[in-house]
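Peer 1: My structure is in entry_18.csv, and what it holds is CSV, C-alpha atoms and all ligand atoms:
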chain,number,residue,atom,x,y,z
A,177,MET,CA,-20.9,8.7,7.8
A,178,GLU,CA,-24.5,7.7,8.3
A,179,VAL,CA,-27.1,6.9,5.7
A,180,GLU,CA,-30.8,6.4,6.5
A,181,GLY,CA,-33.6,5.3,4.2
A,182,VAL,CA,-31.9,6.3,1.0
A,183,HIS,CA,-34.1,5.7,-2.1
A,184,HIS,CA,-33.1,6.5,-5.6
A,185,ALA,CA,-34.8,6.1,-9.0
A,186,TYR,CA,-33.8,7.1,-12.5
A,187,GLY,CA,-37.1,8.0,-14.0
A,188,ARG,CA,-39.3,4.9,-13.4
A,189,ARG,CA,-36.3,2.6,-12.7
A,190,VAL,CA,-36.1,2.2,-9.0
A,191,VAL,CA,-32.5,1.4,-8.0
A,192,LEU,CA,-32.3,1.9,-4.2
A,193,ARG,CA,-35.3,1.1,-2.0
A,194,GLY,CA,-34.3,2.3,1.5
A,195,VAL,CA,-30.6,1.8,2.2
A,196,ASP,CA,-29.3,2.2,5.7
A,197,ILE,CA,-25.6,2.1,6.6
A,198,ARG,CA,-23.2,3.5,9.2
A,199,LEU,CA,-19.6,3.8,8.4
A,200,ALA,CA,-17.6,4.0,11.7
A,201,ALA,CA,-14.0,5.2,12.1
A,202,GLY,CA,-11.4,2.4,11.8
A,203,VAL,CA,-13.6,0.1,9.7
A,204,LEU,CA,-12.8,-1.5,6.4
A,205,CYS,CA,-16.2,-2.2,4.8
A,206,GLY,CA,-17.1,-3.8,1.5
A,207,ILE,CA,-20.2,-3.6,-0.6
A,208,VAL,CA,-20.7,-6.2,-3.3
A,209,GLY,CA,-23.6,-6.7,-5.7
A,210,GLU,CA,-24.2,-7.8,-9.3
A,211,ASN,CA,-23.7,-5.5,-12.3
A,212,GLY,CA,-26.4,-2.9,-12.3
A,213,ALA,CA,-27.4,-3.5,-8.6
A,214,GLY,CA,-26.9,0.2,-7.8
A,215,LYS,CA,-23.4,0.2,-6.1
A,216,SER,CA,-22.1,3.2,-8.1
A,217,THR,CA,-25.4,5.0,-7.6
A,218,LEU,CA,-25.1,4.6,-3.8
A,219,LEU,CA,-21.5,5.8,-3.8
A,220,LYS,CA,-22.4,8.9,-5.9
A,221,ILE,CA,-25.1,9.6,-3.3
A,222,LEU,CA,-22.6,9.1,-0.4
A,223,SER,CA,-20.1,11.5,-2.1
A,224,GLY,CA,-22.7,14.1,-2.8
A,225,GLU,CA,-22.4,13.8,-6.5
A,226,LEU,CA,-26.0,12.7,-6.8
A,227,GLN,CA,-29.0,13.8,-4.7
A,228,PRO,CA,-31.1,10.8,-3.5
A,229,THR,CA,-34.8,10.8,-4.4
A,230,ARG,CA,-35.4,10.3,-0.6
A,231,GLY,CA,-33.4,9.7,2.5
A,232,VAL,CA,-30.7,11.2,4.6
A,233,VAL,CA,-26.9,11.2,4.3
A,234,ARG,CA,-24.9,12.6,7.3
A,235,GLN,CA,-21.2,13.0,7.0
A,236,GLY,CA,-18.4,14.8,8.8
A,237,GLY,CA,-14.8,15.3,8.1
A,238,ARG,CA,-12.7,15.1,5.0
A,239,PHE,CA,-13.6,12.4,2.5
A,240,GLY,CA,-12.0,11.0,-0.6
A,241,TYR,CA,-14.0,9.6,-3.5
A,242,CYS,CA,-12.6,7.4,-6.2
A,243,PRO,CA,-15.2,7.2,-8.9
A,244,GLN,CA,-15.6,4.0,-11.1
A,245,HIS,CA,-14.8,5.9,-14.3
A,246,VAL,CA,-11.5,7.6,-14.3
A,247,VAL,CA,-11.7,11.4,-14.6
A,248,LEU,CA,-8.4,12.6,-15.9
A,249,ASN,CA,-7.2,15.3,-18.3
A,250,ASP,CA,-5.3,13.5,-21.0
A,251,ALA,CA,-3.2,16.6,-21.8
A,252,LEU,CA,-1.8,16.9,-18.3
A,253,THR,CA,1.0,14.9,-16.8
A,254,VAL,CA,0.7,12.8,-13.7
A,255,GLN,CA,2.6,15.5,-11.8
A,256,GLN,CA,0.3,18.3,-13.1
A,257,HIS,CA,-2.7,16.3,-11.9
A,258,LEU,CA,-1.1,16.1,-8.4
A,259,ARG,CA,-0.4,19.8,-8.4
A,260,PHE,CA,-3.9,20.6,-9.5
A,261,PHE,CA,-5.4,18.5,-6.7
A,262,GLN,CA,-2.8,19.8,-4.2
A,263,ARG,CA,-4.3,23.3,-4.8
A,264,ALA,CA,-7.9,22.0,-4.6
A,265,TYR,CA,-7.1,20.2,-1.3
A,266,ARG,CA,-4.9,23.1,-0.1
A,267,LEU,CA,-2.0,20.8,0.8
A,268,ALA,CA,1.3,22.2,1.8
A,269,ASP,CA,3.3,19.5,-0.1
A,270,LEU,CA,3.0,16.3,-2.1
A,271,ARG,CA,4.8,14.0,0.3
A,272,TYR,CA,1.8,11.8,1.1
A,273,ALA,CA,0.8,11.7,-2.5
A,274,GLU,CA,4.3,10.5,-3.4
A,275,GLU,CA,4.1,7.9,-0.7
A,276,VAL,CA,0.9,6.5,-2.2
A,277,MET,CA,2.5,6.6,-5.7
A,278,ASP,CA,5.4,4.5,-4.3
A,279,VAL,CA,3.0,2.0,-2.7
A,280,LEU,CA,1.0,1.6,-6.0
A,281,GLY,CA,4.3,1.5,-7.9
A,282,PHE,CA,4.0,4.2,-10.5
A,283,ALA,CA,6.3,7.0,-9.3
A,284,ASP,CA,8.3,6.6,-12.5
A,285,TYR,CA,5.4,7.9,-14.5
A,286,ALA,CA,5.3,11.4,-12.9
A,287,GLY,CA,6.3,13.2,-16.1
A,288,GLU,CA,4.0,11.2,-18.5
A,289,ARG,CA,0.8,12.7,-19.9
A,290,ALA,CA,-2.3,10.9,-18.7
A,291,GLY,CA,-3.4,10.3,-22.3
A,292,VAL,CA,-0.5,7.8,-22.8
A,293,LEU,CA,-0.8,5.9,-19.6
A,294,SER,CA,-2.0,2.3,-19.5
A,295,GLY,CA,-5.5,1.6,-18.1
A,296,GLY,CA,-4.0,0.2,-14.9
A,297,THR,CA,-1.7,3.2,-14.4
A,298,ARG,CA,-4.6,5.6,-15.0
A,299,GLN,CA,-6.4,3.8,-12.3
A,300,LYS,CA,-3.4,4.1,-9.9
A,301,LEU,CA,-3.5,7.9,-10.5
A,302,ASN,CA,-7.3,7.9,-9.9
A,303,VAL,CA,-6.8,6.2,-6.6
A,304,THR,CA,-3.9,8.5,-5.6
A,305,LEU,CA,-6.0,11.6,-6.3
A,306,ALA,CA,-8.7,10.3,-4.0
A,307,LEU,CA,-6.2,9.5,-1.2
A,308,MET,CA,-3.6,12.2,-1.4
A,309,HIS,CA,-5.2,14.5,1.2
A,310,ASP,CA,-5.4,11.6,3.7
A,311,PRO,CA,-9.2,11.6,4.1
A,312,GLN,CA,-11.0,10.3,7.1
A,313,VAL,CA,-13.7,8.6,5.0
A,314,LEU,CA,-12.7,6.9,1.8
A,315,LEU,CA,-15.2,5.9,-0.8
A,316,LEU,CA,-13.7,3.6,-3.5
A,317,ASP,CA,-15.7,2.4,-6.5
A,318,GLU,CA,-14.1,-0.6,-8.1
A,319,PRO,CA,-10.7,0.7,-7.1
A,320,TYR,CA,-8.5,-2.2,-8.3
A,321,GLN,CA,-9.9,-2.5,-11.8
A,322,GLY,CA,-7.0,-3.1,-14.1
A,323,PHE,CA,-4.4,-3.6,-11.4
A,324,ASP,CA,-1.8,-6.3,-11.8
A,325,TRP,CA,-1.6,-8.9,-8.9
A,326,ASP,CA,1.2,-7.1,-7.1
A,327,THR,CA,-0.5,-3.8,-7.2
A,328,TYR,CA,-3.8,-5.4,-6.1
A,329,GLN,CA,-2.0,-6.9,-3.0
A,330,ARG,CA,-0.4,-3.6,-2.2
A,331,PHE,CA,-3.7,-1.8,-2.6
A,332,TRP,CA,-5.2,-4.0,0.1
A,333,ASP,CA,-2.2,-3.6,2.4
A,334,LEU,CA,-2.7,0.1,2.0
A,335,ALA,CA,-6.5,-0.1,2.7
A,336,VAL,CA,-5.7,-2.2,5.9
A,337,ARG,CA,-3.1,0.4,7.0
A,338,LEU,CA,-5.5,3.2,6.6
A,339,ARG,CA,-8.2,1.3,8.5
A,340,ASP,CA,-5.7,0.7,11.3
A,341,ALA,CA,-4.9,4.4,11.4
A,342,GLY,CA,-8.6,5.1,12.1
A,343,ARG,CA,-9.9,5.9,8.7
A,344,SER,CA,-13.2,4.6,7.4
A,345,VAL,CA,-12.7,2.7,4.1
A,346,LEU,CA,-15.6,1.7,1.9
A,347,VAL,CA,-14.7,-0.5,-1.1
A,348,VAL,CA,-17.4,-1.3,-3.7
A,349,SER,CA,-17.0,-4.1,-6.1
A,350,HIS,CA,-18.9,-6.6,-8.1
A,351,LEU,CA,-16.4,-9.2,-7.0
A,352,ALA,CA,-16.1,-10.5,-3.4
A,353,TYR,CA,-12.5,-11.5,-3.3
A,354,ASP,CA,-10.4,-11.2,-0.2
A,355,THR,CA,-13.4,-10.8,2.1
A,356,GLU,CA,-11.3,-11.9,5.0
A,357,ARG,CA,-9.6,-8.5,5.0
A,358,LEU,CA,-12.9,-6.7,5.6
A,359,ASP,CA,-14.5,-5.9,8.9
A,360,GLU,CA,-17.9,-5.7,7.3
A,361,LEU,CA,-19.3,-7.0,4.1
A,362,TRP,CA,-22.7,-5.9,2.7
A,363,ARG,CA,-24.6,-7.1,-0.4
A,364,LEU,CA,-26.7,-4.7,-2.4
A,365,ASP,CA,-29.6,-6.7,-3.8
A,366,ASP,CA,-33.0,-5.6,-5.0
A,367,GLY,CA,-32.3,-2.1,-3.8
A,368,LEU,CA,-31.4,-3.0,-0.2
A,369,LEU,CA,-28.2,-3.5,1.7
A,370,ARG,CA,-28.0,-6.7,3.7
A,371,PRO,CA,-25.1,-7.9,5.8
A,372,ASP,CA,-23.2,-10.6,4.0
A,373,ARG,CA,-21.0,-11.3,6.9
A,374,ALA,CA,-20.0,-9.3,9.9
A,375,VAL,CA,-16.7,-9.8,11.6
A,376,ALA,CA,-15.9,-8.4,15.0
A,377,ALA,CA,-13.1,-5.9,14.4
B,401,LIG,N1,-27.8,8.3,-15.1
B,401,LIG,C1,-28.5,7.2,-15.2
B,401,LIG,N2,-29.7,7.2,-15.9
B,401,LIG,C2,-30.6,6.2,-15.9
B,401,LIG,N3,-30.3,5.0,-15.4
B,401,LIG,C3,-29.1,4.8,-14.8
B,401,LIG,C4,-28.2,5.9,-14.7
B,401,LIG,N4,-27.1,5.5,-14.0
B,401,LIG,C5,-27.3,4.2,-13.7
B,401,LIG,N5,-28.5,3.8,-14.2
B,401,LIG,C6,-29.1,2.5,-14.0
B,401,LIG,O1,-29.2,2.2,-12.6
B,401,LIG,C7,-28.9,0.8,-12.3
B,401,LIG,C8,-27.8,0.8,-11.3
B,401,LIG,O2,-26.6,1.3,-11.9
B,401,LIG,P1,-25.2,1.4,-11.2
B,401,LIG,O3,-24.2,1.9,-12.1
B,401,LIG,O4,-25.4,2.1,-9.9
B,401,LIG,O5,-24.9,-0.2,-10.8
B,401,LIG,P2,-23.6,-0.9,-10.3
B,401,LIG,O6,-24.0,-1.8,-9.2
B,401,LIG,O7,-22.6,0.1,-10.0
B,401,LIG,O8,-23.2,-1.7,-11.6
B,401,LIG,P3,-21.7,-2.2,-12.1
B,401,LIG,O9,-21.3,-3.3,-11.2
B,401,LIG,O10,-22.0,-2.7,-13.5
B,401,LIG,O11,-20.8,-1.1,-12.1
B,401,LIG,C9,-28.6,0.2,-13.7
B,401,LIG,O12,-29.8,-0.5,-14.1
B,401,LIG,C10,-28.2,1.4,-14.6
B,401,LIG,O13,-28.5,1.1,-15.9
Please express what this file holds, its structure, as structure tokens.
Ligand SMILES: Nc1ncnc2c1ncn2[C@@H]1O[C@H](COP(=O)(O)OP(=O)(O)OP(=O)(O)O)[C@@H](O)[C@H]1O
Peer 2:
Amino acid sequence: MEVEGVHHAYGRRVVLRGVDIRLAAGVLCGIVGENGAGKSTLLKILSGELQPTRGVVRQGGRFGYCPQHVVLNDALTVQQHLRFFQRAYRLADLRYAEEVMDVLGFADYAGERAGVLSGGTRQKLNVTLALMHDPQVLLLDEPYQGFDWDTYQRFWDLAVRLRDAGRSVLVVSHLAYDTERLDELWRLDDGLLRPDRAVAA
């Protein structure tokens, strides 16, 4: 995925002022920035949910997008969500989804309606729905919000595993914890992305 000169404004509020980034295969990349810096706006543009005011986004292959705000249907069970997305992604089975559920530790909730799940469990489902078709490019907006410590650790293990399997993983957060797990770290500030630290992979 390649992004060149992306600008975005909401009315007169300019949020992005020329963002460039290249997300290579087999790279685990982080973007940090203060609240309101424009991180979610950038991810919405990368995922195609939002059209930039100006600039180019080039992407190839399957991608998975985990939005910051969980989008679930409270009346449907976890299993029904998986089936719905299985159809949308045209998957033959749910084996990989079930593997991700095991890693995130919520396989026991398959029969529960989304409306009764705890915030952290809703987020686990949100992440699973973004991952279950094994995308080549993964865009994760504050993916570990509400996770307990164990799940948080397992989430990072999974992110590293996906990176090692050649996927591009982009994690956006307002907190820069665990930066040693990342290959690249960028800071979004004043509408521009600047390298915070670059580690040779
Ligand atoms: N639909 C919108 N209309 C108008 N302004 C918006 C809209 N969405 C976001 N903004 C504004 O754009 C700026 C960037 O918002 P964005 O959600 O991208 O920031 P963020 O870095 O993801 O913040 P946070 O860490 O709090 O999630 C903020 O000032 C926000 O108020």
Peer 1: With all atoms listed in the file as the basis for distance, which of A:Gln299, A:Gln235, A:Ser216, A:Gln244 is at the shortest distance from A:Glu180?
Peer 2: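 For A:Glu180, the nearest of the candidates is A:Gln235.
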Peer 1: What residues have an atom no more than 7 Å from (-5.3, 9.5, -21.3) in the file's own frame, counting all atoms listed in the file, and can you write them as an MDAnalysis selection string?
Peer 2: chainID A and resid 248:250 290:293
Peer 1: From the set A:Gly367, A:Gly240, A:Gly295, A:Gly202, which residue has the shortest atom-to-atom contact distance to A:Val313, counting all atoms listed in the file?
Peer 2: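 The answer is A:Gly240, which sits nearest to A:Val313.
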Peer 1: Write out as a PyMOL selection string each polymer residue whose atoms come within 10 Å of A:Glu210, counting only C-alpha atoms; drop sequence neighbours fewer than 3 positions from it.
Peer 2: chain A and resi 213-215+349-351+363-365
Peer 1: Using only C-alpha atoms, please write the residues we just selected to a file, as a CSV table (one decimal), in the coordinates of the input.
Peer 2:
chain,number,residue,atom,x,y,z
A,213,ALA,CA,-27.4,-3.5,-8.6
A,214,GLY,CA,-26.9,0.2,-7.8
A,215,LYS,CA,-23.4,0.2,-6.1
A,349,SER,CA,-17.0,-4.1,-6.1
A,350,HIS,CA,-18.9,-6.6,-8.1
A,351,LEU,CA,-16.4,-9.2,-7.0
A,363,ARG,CA,-24.6,-7.1,-0.4
A,364,LEU,CA,-26.7,-4.7,-2.4
A,365,ASP,CA,-29.6,-6.7,-3.8
Peer 1: Wanna dump the chain A-ligand LIG 401 (chain B) contacts at 12 Å for me, each residue with its shortest atom pair and the distance in Å to one decimal, counting only C-alpha atoms and all ligand atoms, ordered by chain and number, as a Markdown table?
Peer 2:
| residue | atom | partner | partner_atom | distance |
| --- | --- | --- | --- | --- |
| A:His184 | CA | B:LIG401 | O1 | 9.1 |
| A:Ala185 | CA | B:LIG401 | O1 | 7.7 |
| A:Tyr186 | CA | B:LIG401 | C2 | 4.8 |
| A:Gly187 | CA | B:LIG401 | C2 | 7.0 |
| A:Arg188 | CA | B:LIG401 | C2 | 9.1 |
| A:Arg189 | CA | B:LIG401 | N3 | 7.0 |
| A:Val190 | CA | B:LIG401 | O1 | 7.8 |
| A:Val191 | CA | B:LIG401 | C7 | 5.6 |
| A:Leu192 | CA | B:LIG401 | C8 | 8.5 |
| A:Arg193 | CA | B:LIG401 | C8 | 12.0 |
| A:Ile207 | CA | B:LIG401 | O6 | 9.6 |
| A:Val208 | CA | B:LIG401 | O6 | 8.1 |
| A:Gly209 | CA | B:LIG401 | O6 | 6.0 |
| A:Glu210 | CA | B:LIG401 | O9 | 5.7 |
| A:Asn211 | CA | B:LIG401 | O9 | 3.4 |
| A:Gly212 | CA | B:LIG401 | O5 | 3.4 |
| A:Ala213 | CA | B:LIG401 | O6 | 3.8 |
| A:Gly214 | CA | B:LIG401 | O4 | 3.2 |
| A:Lys215 | CA | B:LIG401 | O6 | 3.7 |
| A:Ser216 | CA | B:LIG401 | O7 | 3.7 |
| A:Thr217 | CA | B:LIG401 | O4 | 3.7 |
| A:Leu218 | CA | B:LIG401 | O4 | 6.6 |
| A:Leu219 | CA | B:LIG401 | O4 | 8.1 |
| A:Lys220 | CA | B:LIG401 | O4 | 8.4 |
| A:Ile221 | CA | B:LIG401 | O4 | 10.0 |
| A:Glu225 | CA | B:LIG401 | N1 | 11.5 |
| A:Leu226 | CA | B:LIG401 | N1 | 9.6 |
| A:Gln227 | CA | B:LIG401 | N1 | 11.8 |
| A:Pro243 | CA | B:LIG401 | O7 | 10.3 |
| A:Gln244 | CA | B:LIG401 | O11 | 7.4 |
| A:His245 | CA | B:LIG401 | O11 | 9.5 |
| A:Leu316 | CA | B:LIG401 | O7 | 11.6 |
| A:Asp317 | CA | B:LIG401 | O7 | 8.1 |
| A:Glu318 | CA | B:LIG401 | O11 | 7.8 |
| A:Pro319 | CA | B:LIG401 | O11 | 11.4 |
| A:Gln321 | CA | B:LIG401 | O11 | 11.0 |
| A:Val347 | CA | B:LIG401 | O7 | 11.9 |
| A:Val348 | CA | B:LIG401 | O7 | 8.3 |
| A:Ser349 | CA | B:LIG401 | O9 | 6.7 |
| A:His350 | CA | B:LIG401 | O9 | 5.1 |
| A:Leu351 | CA | B:LIG401 | O9 | 8.7 |
| A:Ala352 | CA | B:LIG401 | O9 | 11.8 |
| A:Arg363 | CA | B:LIG401 | O6 | 10.3 |
| A:Leu364 | CA | B:LIG401 | O6 | 7.9 |
| A:Asp365 | CA | B:LIG401 | O6 | 9.2 |
| A:Asp366 | CA | B:LIG401 | C8 | 10.4 |
| A:Gly367 | CA | B:LIG401 | C8 | 9.2 |
| A:Leu368 | CA | B:LIG401 | O6 | 11.7 |
| A:Leu369 | CA | B:LIG401 | O6 | 11.8 |
Peer 1: Output C-alpha atoms of each residue in that selection to a file, as a short mmCIF file (atom, residue, chain, number, x, y, z; two decimals), in the frame of the given file.
Peer 2:
data_model
loop_
_atom_site.label_atom_id
_atom_site.label_comp_id
_atom_site.auth_asym_id
_atom_site.auth_seq_id
_atom_site.Cartn_x
_atom_site.Cartn_y
_atom_site.Cartn_z
CA HIS A 184 -33.10 6.50 -5.60
CA ALA A 185 -34.80 6.10 -9.00
CA TYR A 186 -33.80 7.10 -12.50
CA GLY A 187 -37.10 8.00 -14.00
CA ARG A 188 -39.30 4.90 -13.40
CA ARG A 189 -36.30 2.60 -12.70
CA VAL A 190 -36.10 2.20 -9.00
CA VAL A 191 -32.50 1.40 -8.00
CA LEU A 192 -32.30 1.90 -4.20
CA ARG A 193 -35.30 1.10 -2.00
CA ILE A 207 -20.20 -3.60 -0.60
CA VAL A 208 -20.70 -6.20 -3.30
CA GLY A 209 -23.60 -6.70 -5.70
CA GLU A 210 -24.20 -7.80 -9.30
CA ASN A 211 -23.70 -5.50 -12.30
CA GLY A 212 -26.40 -2.90 -12.30
CA ALA A 213 -27.40 -3.50 -8.60
CA GLY A 214 -26.90 0.20 -7.80
CA LYS A 215 -23.40 0.20 -6.10
CA SER A 216 -22.10 3.20 -8.10
CA THR A 217 -25.40 5.00 -7.60
CA LEU A 218 -25.10 4.60 -3.80
CA LEU A 219 -21.50 5.80 -3.80
CA LYS A 220 -22.40 8.90 -5.90
CA ILE A 221 -25.10 9.60 -3.30
CA GLU A 225 -22.40 13.80 -6.50
CA LEU A 226 -26.00 12.70 -6.80
CA GLN A 227 -29.00 13.80 -4.70
CA PRO A 243 -15.20 7.20 -8.90
CA GLN A 244 -15.60 4.00 -11.10
CA HIS A 245 -14.80 5.90 -14.30
CA LEU A 316 -13.70 3.60 -3.50
CA ASP A 317 -15.70 2.40 -6.50
CA GLU A 318 -14.10 -0.60 -8.10
CA PRO A 319 -10.70 0.70 -7.10
CA GLN A 321 -9.90 -2.50 -11.80
CA VAL A 347 -14.70 -0.50 -1.10
CA VAL A 348 -17.40 -1.30 -3.70
CA SER A 349 -17.00 -4.10 -6.10
CA HIS A 350 -18.90 -6.60 -8.10
CA LEU A 351 -16.40 -9.20 -7.00
CA ALA A 352 -16.10 -10.50 -3.40
CA ARG A 363 -24.60 -7.10 -0.40
CA LEU A 364 -26.70 -4.70 -2.40
CA ASP A 365 -29.60 -6.70 -3.80
CA ASP A 366 -33.00 -5.60 -5.00
CA GLY A 367 -32.30 -2.10 -3.80
CA LEU A 368 -31.40 -3.00 -0.20
CA LEU A 369 -28.20 -3.50 1.70
#
Peer 1: Determine the nearest neighbour of A:Asp310 from the options A:Arg266, A:His183, A:Arg238, A:Arg289, counting all atoms listed in the file.
Peer 2: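 For A:Asp310, the nearest of the candidates is A:Arg238.
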Peer 1: Which value, in Å to one decimal, gives the distance between atom CA of A:Pro311 and atom CA of A:Val246?
Peer 2: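 Straight-line distance from atom CA of A:Pro311 to atom CA of A:Val246 works out to 19.0 Å.
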Peer 1: One decimal, Å: what's the distance from atom CA of A:His309 over to atom CA of A:Ala200, could you say?
Peer 2: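 Atom-to-atom, atom CA of A:His309 and atom CA of A:Ala200 are spaced 19.3 Å apart.
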Peer 1: Given all atoms listed in the file as the basis, pick out the residue of A:Cys205, A:Ala286, A:Leu222, A:Cys242 nearest to A:Val303.
Peer 2: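 Closest candidate: A:Cys242.
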Peer 1: Is it possible to get the axis-aligned box enclosing stretch 254-261 of chain A (all listed atoms, 4 Å extra per side) as AutoDock Vina command-line options, with centre and edge lengths in Å rounded to one decimal?
Peer 2:
--center_x -1.4 --center_y 16.7 --center_z -10.2 --size_x 16.0 --size_y 15.8 --size_z 15.0
Peer 1: Dig up all the protein and nucleic acid residues within 8 Å of (-0.4, 11.7, -2.8) in the file frame, using all atoms listed in the file, and format them as a CSV table (one decimal) with C-alpha atoms, in the frame of the given file.
Peer 2:
chain,number,residue,atom,x,y,z
A,258,LEU,CA,-1.1,16.1,-8.4
A,270,LEU,CA,3.0,16.3,-2.1
A,271,ARG,CA,4.8,14.0,0.3
A,272,TYR,CA,1.8,11.8,1.1
A,273,ALA,CA,0.8,11.7,-2.5
A,274,GLU,CA,4.3,10.5,-3.4
A,275,GLU,CA,4.1,7.9,-0.7
A,276,VAL,CA,0.9,6.5,-2.2
A,277,MET,CA,2.5,6.6,-5.7
A,304,THR,CA,-3.9,8.5,-5.6
A,305,LEU,CA,-6.0,11.6,-6.3
A,307,LEU,CA,-6.2,9.5,-1.2
A,308,MET,CA,-3.6,12.2,-1.4
A,309,HIS,CA,-5.2,14.5,1.2
Peer 1: Find the distance between atom CA of A:Ala251 and atom CA of A:Ala306 and write it in Å to one decimal.
Peer 2: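 Atom CA of A:Ala251 sits 19.7 Å away from atom CA of A:Ala306.
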Peer 1: Under the rule that only C-alpha atoms are counted, which of A:Phe323, A:Val279, A:Leu315, A:Asp340 is the nearest residue to A:Gly296?
Peer 2: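 Looking at the shortest contact to A:Gly296, the residue is A:Phe323.
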Peer 1: Using all atoms listed in the file, which of the listed residues (A:Gly194, A:Tyr241, A:Val182, A:Leu199) sits closest to A:Glu360?
Peer 2: A:Leu199
